[in-house]
>>> print(open('entry-v2.txt').read())   # compact mmCIF, C-alpha atoms and all ligand atoms
# COMPACT_ATOMS: atom_id res chain seq x y z
CA MET R 1 34.76 26.40 -40.37
CA LYS R 2 33.11 25.81 -36.99
CA ILE R 3 34.13 28.47 -34.49
CA ASP R 4 32.12 29.30 -31.41
CA TRP R 5 32.53 33.06 -31.36
CA ASN R 6 31.00 33.18 -27.86
CA ASN R 7 34.32 31.77 -26.63
CA VAL R 8 36.46 34.43 -28.30
CA ASP R 9 36.70 38.06 -27.26
CA THR R 10 40.04 39.14 -28.71
CA VAL R 11 41.25 38.41 -32.25
CA LEU R 12 44.91 39.10 -32.92
CA LEU R 13 45.55 39.56 -36.61
CA ASP R 14 48.80 39.42 -38.51
CA MET R 15 49.14 41.82 -41.46
CA ASP R 16 51.41 40.56 -44.26
CA GLY R 17 50.19 37.26 -45.69
CA THR R 18 47.10 37.34 -43.45
CA LEU R 19 45.09 40.54 -43.99
CA LEU R 20 47.21 41.59 -46.97
CA ASP R 21 48.50 39.62 -49.93
CA LEU R 22 52.08 38.47 -49.31
CA HIS R 23 52.75 38.90 -53.02
CA PHE R 24 53.83 42.50 -52.39
CA ASP R 25 56.48 41.48 -49.84
CA ASN R 26 57.74 38.48 -51.80
CA HIS R 27 57.98 40.53 -54.97
CA PHE R 28 59.66 43.41 -53.17
CA TRP R 29 62.32 41.42 -51.30
CA LEU R 30 63.02 38.72 -53.89
CA GLU R 31 62.65 40.66 -57.17
CA HIS R 32 62.42 44.42 -56.90
CA LEU R 33 65.01 45.12 -54.19
CA PRO R 34 67.74 42.84 -55.65
CA GLN R 35 67.24 44.46 -59.06
CA ARG R 36 67.31 48.02 -57.73
CA TYR R 37 70.29 47.22 -55.48
CA ALA R 38 72.10 45.82 -58.52
CA ASP R 39 71.27 48.95 -60.56
CA HIS R 40 72.49 51.12 -57.70
CA ASN R 41 75.84 49.33 -57.39
CA GLY R 42 76.57 48.45 -61.02
CA ILE R 43 76.47 44.69 -60.38
CA THR R 44 74.25 41.91 -61.73
CA ARG R 45 70.97 40.96 -60.08
CA ASP R 46 72.43 37.55 -59.16
CA GLN R 47 75.44 39.20 -57.49
CA ALA R 48 73.09 41.50 -55.59
CA PHE R 49 70.98 38.57 -54.47
CA GLU R 50 74.10 36.67 -53.27
CA LYS R 51 75.03 39.59 -51.03
CA MET R 52 71.51 39.92 -49.69
CA ILE R 53 71.04 36.20 -48.99
CA VAL R 54 73.94 36.27 -46.51
CA LEU R 55 72.19 39.04 -44.59
CA PHE R 56 68.81 37.27 -44.88
CA GLN R 57 70.26 34.13 -43.29
CA LYS R 58 71.96 36.11 -40.53
CA THR R 59 68.81 37.96 -39.46
CA LYS R 60 65.86 35.62 -40.13
CA GLY R 61 63.41 35.50 -37.21
CA SER R 62 65.08 38.43 -35.45
CA LEU R 63 63.73 41.95 -35.20
CA ASN R 64 66.33 43.17 -37.71
CA TRP R 65 64.79 40.85 -40.32
CA TYR R 66 61.71 43.05 -40.19
CA CYS R 67 63.49 46.38 -39.60
CA LEU R 68 63.53 48.70 -42.60
CA ASP R 69 66.15 50.93 -40.96
CA TYR R 70 68.43 47.90 -40.64
CA TRP R 71 68.05 47.06 -44.34
CA SER R 72 68.43 50.68 -45.43
CA ASP R 73 71.71 50.86 -43.46
CA ALA R 74 73.00 47.40 -44.42
CA LEU R 75 72.37 47.97 -48.14
CA SER R 76 72.88 51.76 -48.18
CA ILE R 77 69.60 52.22 -50.02
CA ASP R 78 66.27 53.90 -49.19
CA ILE R 79 63.99 50.89 -48.66
CA VAL R 80 60.79 52.89 -48.11
CA ALA R 81 61.33 54.85 -51.35
CA LEU R 82 61.82 51.56 -53.23
CA LYS R 83 58.65 50.12 -51.67
CA LEU R 84 56.68 53.08 -53.01
CA GLU R 85 57.77 52.11 -56.54
CA VAL R 86 55.72 48.88 -56.29
CA LYS R 87 52.97 50.05 -53.93
CA HIS R 88 50.27 49.06 -56.45
CA LEU R 89 50.95 45.44 -55.36
CA VAL R 90 49.75 46.12 -51.80
CA GLN R 91 46.33 44.42 -51.76
CA ILE R 92 43.79 43.40 -49.13
CA ARG R 93 43.05 39.66 -49.26
CA PRO R 94 39.51 38.58 -50.25
CA PHE R 95 36.73 39.01 -47.64
CA VAL R 96 39.08 40.59 -45.07
CA THR R 97 37.02 43.78 -44.90
CA GLU R 98 33.80 41.78 -44.42
CA PHE R 99 35.47 39.61 -41.77
CA LEU R 100 36.60 42.65 -39.76
CA VAL R 101 33.02 44.01 -39.80
CA PHE R 102 31.77 40.58 -38.71
CA LEU R 103 34.19 40.56 -35.74
CA GLN R 104 32.92 43.96 -34.68
CA GLN R 105 29.35 42.63 -34.76
CA LYS R 106 30.52 39.76 -32.52
CA ASN R 107 31.99 42.33 -30.09
CA CYS R 108 35.50 40.98 -30.60
CA ASN R 109 38.42 43.31 -29.99
CA ARG R 110 40.30 43.42 -33.32
CA VAL R 111 44.01 43.84 -32.68
CA LEU R 112 46.63 44.02 -35.40
CA ALA R 113 49.83 42.36 -34.16
CA THR R 114 52.52 42.63 -36.79
CA ASN R 115 56.25 42.19 -37.10
CA ALA R 116 56.21 44.87 -39.78
CA HIS R 117 58.35 47.91 -39.10
CA ARG R 118 56.39 51.11 -38.36
CA SER R 119 57.39 52.79 -41.64
CA GLY R 120 56.24 49.81 -43.73
CA LEU R 121 53.13 49.50 -41.57
CA GLU R 122 52.15 53.16 -42.04
CA LEU R 123 52.67 52.82 -45.79
CA LYS R 124 50.32 49.84 -45.98
CA LEU R 125 47.66 51.42 -43.76
CA ALA R 126 47.69 54.55 -45.94
CA ILE R 127 47.22 52.46 -49.10
CA THR R 128 44.60 49.99 -47.80
CA ASN R 129 42.80 51.83 -44.94
CA ILE R 130 42.51 48.47 -43.12
CA ASP R 131 42.92 50.42 -39.87
CA ASN R 132 39.25 51.41 -40.31
CA GLY R 133 38.41 47.81 -39.41
CA LEU R 134 40.83 47.50 -36.47
CA ASP R 135 40.54 48.54 -32.83
CA GLU R 136 44.25 48.52 -31.93
CA ILE R 137 47.51 48.31 -33.87
CA TYR R 138 50.82 47.04 -32.48
CA SER R 139 54.17 46.50 -34.14
CA SER R 140 56.69 44.22 -32.48
CA HIS R 141 59.18 47.06 -33.01
CA ASP R 142 57.20 49.00 -30.35
CA PHE R 143 58.20 46.30 -27.83
CA GLY R 144 61.67 45.43 -29.08
CA HIS R 145 60.82 41.72 -29.49
CA PRO R 146 59.45 39.85 -32.54
CA LYS R 147 56.32 37.68 -32.29
CA GLU R 148 58.61 34.63 -32.34
CA SER R 149 59.63 35.61 -28.77
CA GLN R 150 57.57 35.03 -25.60
CA LEU R 151 58.54 38.56 -24.55
CA PHE R 152 56.39 39.94 -27.38
CA TRP R 153 53.19 38.32 -26.04
CA GLN R 154 53.96 39.41 -22.48
CA ALA R 155 54.54 42.99 -23.61
CA LEU R 156 51.36 42.95 -25.71
CA ASN R 157 49.32 41.59 -22.80
CA ASP R 158 50.72 44.34 -20.54
CA VAL R 159 49.48 47.16 -22.79
CA GLN R 160 46.42 45.39 -24.23
CA PRO R 161 45.20 42.89 -21.65
CA PHE R 162 43.74 39.70 -23.14
CA ASP R 163 42.78 36.30 -21.74
CA PRO R 164 44.84 33.77 -23.77
CA ALA R 165 42.06 31.17 -23.33
CA ARG R 166 39.58 33.54 -25.06
CA THR R 167 41.96 34.84 -27.69
CA MET R 168 42.41 33.91 -31.34
CA LEU R 169 45.52 34.52 -33.44
CA ILE R 170 45.37 34.35 -37.23
CA ASP R 171 48.86 34.38 -38.74
CA ASP R 172 50.49 32.85 -41.83
CA ASN R 173 53.79 32.25 -39.99
CA GLN R 174 54.08 28.80 -38.36
CA SER R 175 56.88 29.88 -36.00
CA VAL R 176 54.72 32.74 -34.73
CA LEU R 177 51.75 30.39 -34.20
CA GLN R 178 54.00 28.02 -32.23
CA SER R 179 55.22 30.94 -30.12
CA ALA R 180 51.63 32.04 -29.43
CA ARG R 181 50.67 28.47 -28.49
CA THR R 182 53.56 28.32 -26.01
CA TYR R 183 52.25 31.55 -24.48
CA GLY R 184 48.85 29.88 -24.08
CA ILE R 185 46.77 31.46 -26.84
CA LYS R 186 44.06 28.91 -27.45
CA HIS R 187 42.55 29.57 -30.87
CA LEU R 188 45.19 29.43 -33.58
CA LEU R 189 44.61 29.64 -37.32
CA SER R 190 47.03 29.67 -40.19
CA ILE R 191 46.54 30.95 -43.75
CA ALA R 192 46.36 28.45 -46.62
CA GLN R 193 47.69 30.70 -49.39
CA PRO R 194 49.41 33.85 -48.08
CA ASP R 195 50.76 34.84 -51.54
CA SER R 196 48.08 34.91 -54.25
CA GLN R 197 50.74 34.30 -56.94
CA LYS R 198 52.20 31.17 -55.32
CA PRO R 199 50.81 27.72 -54.53
CA PRO R 200 49.26 27.19 -51.08
CA GLN R 201 51.58 26.52 -48.11
CA PRO R 202 52.07 22.84 -47.26
CA ASP R 203 49.72 21.65 -44.49
CA GLY R 204 51.17 22.55 -41.11
CA GLU R 205 50.07 21.71 -37.58
CA PHE R 206 47.48 24.52 -37.48
CA VAL R 207 44.12 24.64 -39.24
CA ALA R 208 44.47 26.97 -42.23
CA VAL R 209 41.96 29.56 -43.40
CA GLU R 210 41.30 29.13 -47.11
CA CYS R 211 39.05 32.18 -47.36
CA PHE R 212 37.92 34.63 -44.69
CA ASN R 213 34.40 34.16 -45.97
CA ASN R 214 34.55 30.69 -44.33
CA LEU R 215 34.97 32.33 -40.91
CA ILE R 216 31.85 34.46 -41.24
CA THR R 217 29.23 32.20 -39.69
MG MG R 301 52.59 37.33 -41.94
>>> encode(input="entry-v2.txt", output="structure tokens")
Amino acid sequence: MKIDWNNVDTVLLDMDGTLLDLHFDNHFWLEHLPQRYADHNGITRDQAFEKMIVLFQKTKGSLNWYCLDYWSDALSIDIVALKLEVKHLVQIRPFVTEFLVFLQQKNCNRVLATNAHRSGLELKLAITNIDNGLDEIYSSHDFGHPKESQLFWQALNDVQPFDPARTMLIDDNQSVLQSARTYGIKHLLSIAQPDSQKPPQPDGEFVAVECFNNLIT
């Protein structure tokens, strides 16, 4: 991929599905949690999933969608404890570590910008140590607005000033990329295959990274 790194001085990086394999999250929310919720309540997995899908639809794209406290309350279950049961699935995607070192060599500010809730974020940092390759870490829960909202980018720019024309965002979520584009962020990249156990995403309107090795030029 041809990127002129002289024109980029801040790289905003999503976590789940970008730096880390989305397989953990998909497995947790679609398999593990429904099964454990069913066990907990003496109902079938399908019945559990039916109940959860209503809440999924109600919250998608909002901050609650990403809020582990919300889900712990709504389902009366300890979400963080359940995540620990499948923590072996938390994996760094190929060549991410090398890419973060490369960005440092290019004098880019490496900023994690995630919708992940702080408790899930801390869990993943402890398992992967990806924070060693990052300069700053922000959760949208710190600002009270998800990345899908313009208010997130304004709040981020207030605490971590960046020039949108010299900033790159890499994120597997198309809605978030659209939101960043509206805010004026110039360099926008998607992720071809956020979940290693699923087929690639269909082509969207943003160029997709197939492997981070392709960005090291
Ligand atoms: Mg993501």
>>> closest_residue(input="entry-v2.txt", among="R:Ser62, R:Phe49, R:Ala81, R:Ala180", to="Glu31 of chain R", atoms="only C-alpha atoms")
R:Phe49
>>> residues_near_ligand(input="entry-v2.txt", ligand="ligand MG 301 (chain R)", cutoff="7 Å", atoms="all atoms listed in the file", output="ChimeraX atom specification")
/R:14-18,171-173
>>> atom_distance(input="entry-v2.txt", atom1="atom CA of Asp163 of chain R", atom2="atom CA of Leu188 of chain R")
13.9 Å
>>> closest_residue(input="entry-v2.txt", among="R:Val159, R:Leu20, R:Ile216, R:Ala126", to="Pro94 of chain R", atoms="only C-alpha atoms")
R:Leu20
>>> closest_atom_pairs(input="entry-v2.txt", of="segment 6-98 of chain R", to="segment 210-214 of chain R", cutoff="10 Å", atoms="all atoms listed in the file", output="CSV")
residue,atom,partner,partner_atom,distance
R:Thr18,CA,R:Phe212,CA,9.7
R:Leu19,CA,R:Phe212,CA,9.3
R:Arg93,CA,R:Phe212,CA,8.5
R:Pro94,CA,R:Phe212,CA,7.0
R:Phe95,CA,R:Phe212,CA,5.4
R:Val96,CA,R:Phe212,CA,6.1
R:Thr97,CA,R:Phe212,CA,9.2
R:Glu98,CA,R:Asn213,CA,7.8
>>> atom_distance(input="entry-v2.txt", atom1="atom CA of Lys2 of chain R", atom2="atom CA of Ile185 of chain R")
17.9 Å
>>> residues_around(input="entry-v2.txt", residues="His141 of chain R", least_positions_apart="2", cutoff="8 Å", atoms="all atoms listed in the file", output="list in words")
Leu63, Cys67, Asn115, Ala116, His117, Arg118, Ser139, Phe143, Gly144, His145 and Pro146 of chain R
>>> closest_residue(input="entry-v2.txt", among="R:Leu22, R:Leu84, R:Asp9, R:Leu125", to="Gln193 of chain R", atoms="all atoms listed in the file")
R:Leu22
>>> closest_atom_pairs(input="entry-v2.txt", of="segment 147-174 of chain R", to="segment 100-114 of chain R", cutoff="10 Å", atoms="all atoms listed in the file", output="tab-separated table")
residue	atom	partner	partner_atom	distance
R:Lys147	CA	R:Thr114	CA	7.7
R:Phe152	CA	R:Ala113	CA	9.7
R:Trp153	CA	R:Ala113	CA	9.7
R:Leu156	CA	R:Ala113	CA	8.6
R:Gln160	CA	R:Val111	CA	8.9
R:Phe162	CA	R:Asn109	CA	9.4
R:Thr167	CA	R:Cys108	CA	9.4
R:Met168	CA	R:Cys108	CA	9.9
R:Leu169	CA	R:Ala113	CA	9.0
R:Ile170	CA	R:Ala113	CA	9.7
R:Asp171	CA	R:Thr114	CA	9.2
>>> closest_residue(input="entry-v2.txt", among="R:Asn26, R:Gln35, R:Gln150, R:Gln47", to="Lys198 of chain R", atoms="only C-alpha atoms")
R:Asn26
>>> residues_around(input="entry-v2.txt", residues="segment 86-90 of chain R", least_positions_apart="5", cutoff="8 Å", atoms="all atoms listed in the file", output="list in words")
Leu20, Asp21, His23, Phe24, Phe28, Lys124, Ile127 and Thr128 of chain R
>>> closest_residue(input="entry-v2.txt", among="R:His40, R:Met1, R:Leu177, R:Lys186", to="Phe206 of chain R", atoms="all atoms listed in the file")
R:Leu177
>>> axis_aligned_box(input="entry-v2.txt", around="segment 33-48 of chain R", padding_each_side="5 Å", output="JSON")
{"center_x": 70.8, "center_y": 44.3, "center_z": -58.0, "size_x": 21.6, "size_y": 23.6, "size_z": 17.5}
>>> residues_around(input="entry-v2.txt", residues="Val209 of chain R", least_positions_apart="5", cutoff="7 Å", atoms="all atoms listed in the file", output="list of chain:residue names")
R:Leu189, R:Ser190, R:Ile191, R:Ala192
>>> closest_residue(input="entry-v2.txt", among="R:Ala208, R:Ala38, R:Leu151, R:Leu30", to="Thr182 of chain R", atoms="all atoms listed in the file")
R:Leu151
>>> residues_around(input="entry-v2.txt", residues="Ile3 of chain R", least_positions_apart="5", cutoff="10 Å", atoms="only C-alpha atoms", output="number ranges by chain")
R: 8, 187, 215-217
>>> atom_distance(input="entry-v2.txt", atom1="atom CA of Leu13 of chain R", atom2="atom CA of Glu136 of chain R")
10.2 Å
>>> build_atoms(input="entry-v2.txt", residues="segment 124-140 of chain R", atoms="N, CA and C atoms", output="PDB file, keeping the file's coordinate frame")
ATOM      1  N   LYS R 124      51.388  50.768 -45.608  1.00  0.00           N
ATOM      2  CA  LYS R 124      50.320  49.840 -45.980  1.00  0.00           C
ATOM      3  C   LYS R 124      48.954  50.299 -45.451  1.00  0.00           C
ATOM      4  N   LEU R 125      48.937  50.906 -44.277  1.00  0.00           N
ATOM      5  CA  LEU R 125      47.660  51.420 -43.760  1.00  0.00           C
ATOM      6  C   LEU R 125      47.164  52.557 -44.650  1.00  0.00           C
ATOM      7  N   ALA R 126      48.086  53.412 -45.094  1.00  0.00           N
ATOM      8  CA  ALA R 126      47.690  54.550 -45.940  1.00  0.00           C
ATOM      9  C   ALA R 126      47.117  54.057 -47.267  1.00  0.00           C
ATOM     10  N   ILE R 127      47.670  52.974 -47.791  1.00  0.00           N
ATOM     11  CA  ILE R 127      47.220  52.460 -49.100  1.00  0.00           C
ATOM     12  C   ILE R 127      45.888  51.709 -48.960  1.00  0.00           C
ATOM     13  N   THR R 128      45.748  50.913 -47.878  1.00  0.00           N
ATOM     14  CA  THR R 128      44.600  49.990 -47.800  1.00  0.00           C
ATOM     15  C   THR R 128      43.469  50.484 -46.887  1.00  0.00           C
ATOM     16  N   ASN R 129      43.780  51.384 -45.954  1.00  0.00           N
ATOM     17  CA  ASN R 129      42.800  51.830 -44.940  1.00  0.00           C
ATOM     18  C   ASN R 129      42.274  50.673 -44.075  1.00  0.00           C
ATOM     19  N   ILE R 130      43.025  49.573 -43.954  1.00  0.00           N
ATOM     20  CA  ILE R 130      42.510  48.470 -43.120  1.00  0.00           C
ATOM     21  C   ILE R 130      42.375  48.888 -41.655  1.00  0.00           C
ATOM     22  N   ASP R 131      43.055  49.972 -41.264  1.00  0.00           N
ATOM     23  CA  ASP R 131      42.920  50.420 -39.870  1.00  0.00           C
ATOM     24  C   ASP R 131      41.477  50.819 -39.538  1.00  0.00           C
ATOM     25  N   ASN R 132      40.678  51.120 -40.550  1.00  0.00           N
ATOM     26  CA  ASN R 132      39.250  51.410 -40.310  1.00  0.00           C
ATOM     27  C   ASN R 132      38.539  50.215 -39.677  1.00  0.00           C
ATOM     28  N   GLY R 133      39.043  49.015 -39.922  1.00  0.00           N
ATOM     29  CA  GLY R 133      38.410  47.810 -39.410  1.00  0.00           C
ATOM     30  C   GLY R 133      39.136  47.219 -38.203  1.00  0.00           C
ATOM     31  N   LEU R 134      40.026  48.007 -37.588  1.00  0.00           N
ATOM     32  CA  LEU R 134      40.830  47.500 -36.470  1.00  0.00           C
ATOM     33  C   LEU R 134      40.637  48.381 -35.243  1.00  0.00           C
ATOM     34  N   ASP R 135      40.695  47.767 -34.063  1.00  0.00           N
ATOM     35  CA  ASP R 135      40.540  48.540 -32.830  1.00  0.00           C
ATOM     36  C   ASP R 135      41.893  49.006 -32.285  1.00  0.00           C
ATOM     37  N   GLU R 136      42.917  48.189 -32.446  1.00  0.00           N
ATOM     38  CA  GLU R 136      44.250  48.520 -31.930  1.00  0.00           C
ATOM     39  C   GLU R 136      45.293  48.020 -32.921  1.00  0.00           C
ATOM     40  N   ILE R 137      46.432  48.692 -32.945  1.00  0.00           N
ATOM     41  CA  ILE R 137      47.510  48.310 -33.870  1.00  0.00           C
ATOM     42  C   ILE R 137      48.829  48.297 -33.109  1.00  0.00           C
ATOM     43  N   TYR R 138      49.523  47.151 -33.141  1.00  0.00           N
ATOM     44  CA  TYR R 138      50.820  47.040 -32.480  1.00  0.00           C
ATOM     45  C   TYR R 138      51.850  46.450 -33.423  1.00  0.00           C
ATOM     46  N   SER R 139      53.020  47.061 -33.427  1.00  0.00           N
ATOM     47  CA  SER R 139      54.170  46.500 -34.140  1.00  0.00           C
ATOM     48  C   SER R 139      55.127  45.944 -33.103  1.00  0.00           C
ATOM     49  N   SER R 140      55.728  44.799 -33.420  1.00  0.00           N
ATOM     50  CA  SER R 140      56.690  44.220 -32.480  1.00  0.00           C
ATOM     51  C   SER R 140      57.869  45.166 -32.247  1.00  0.00           C
TER      52      SER R 140
END
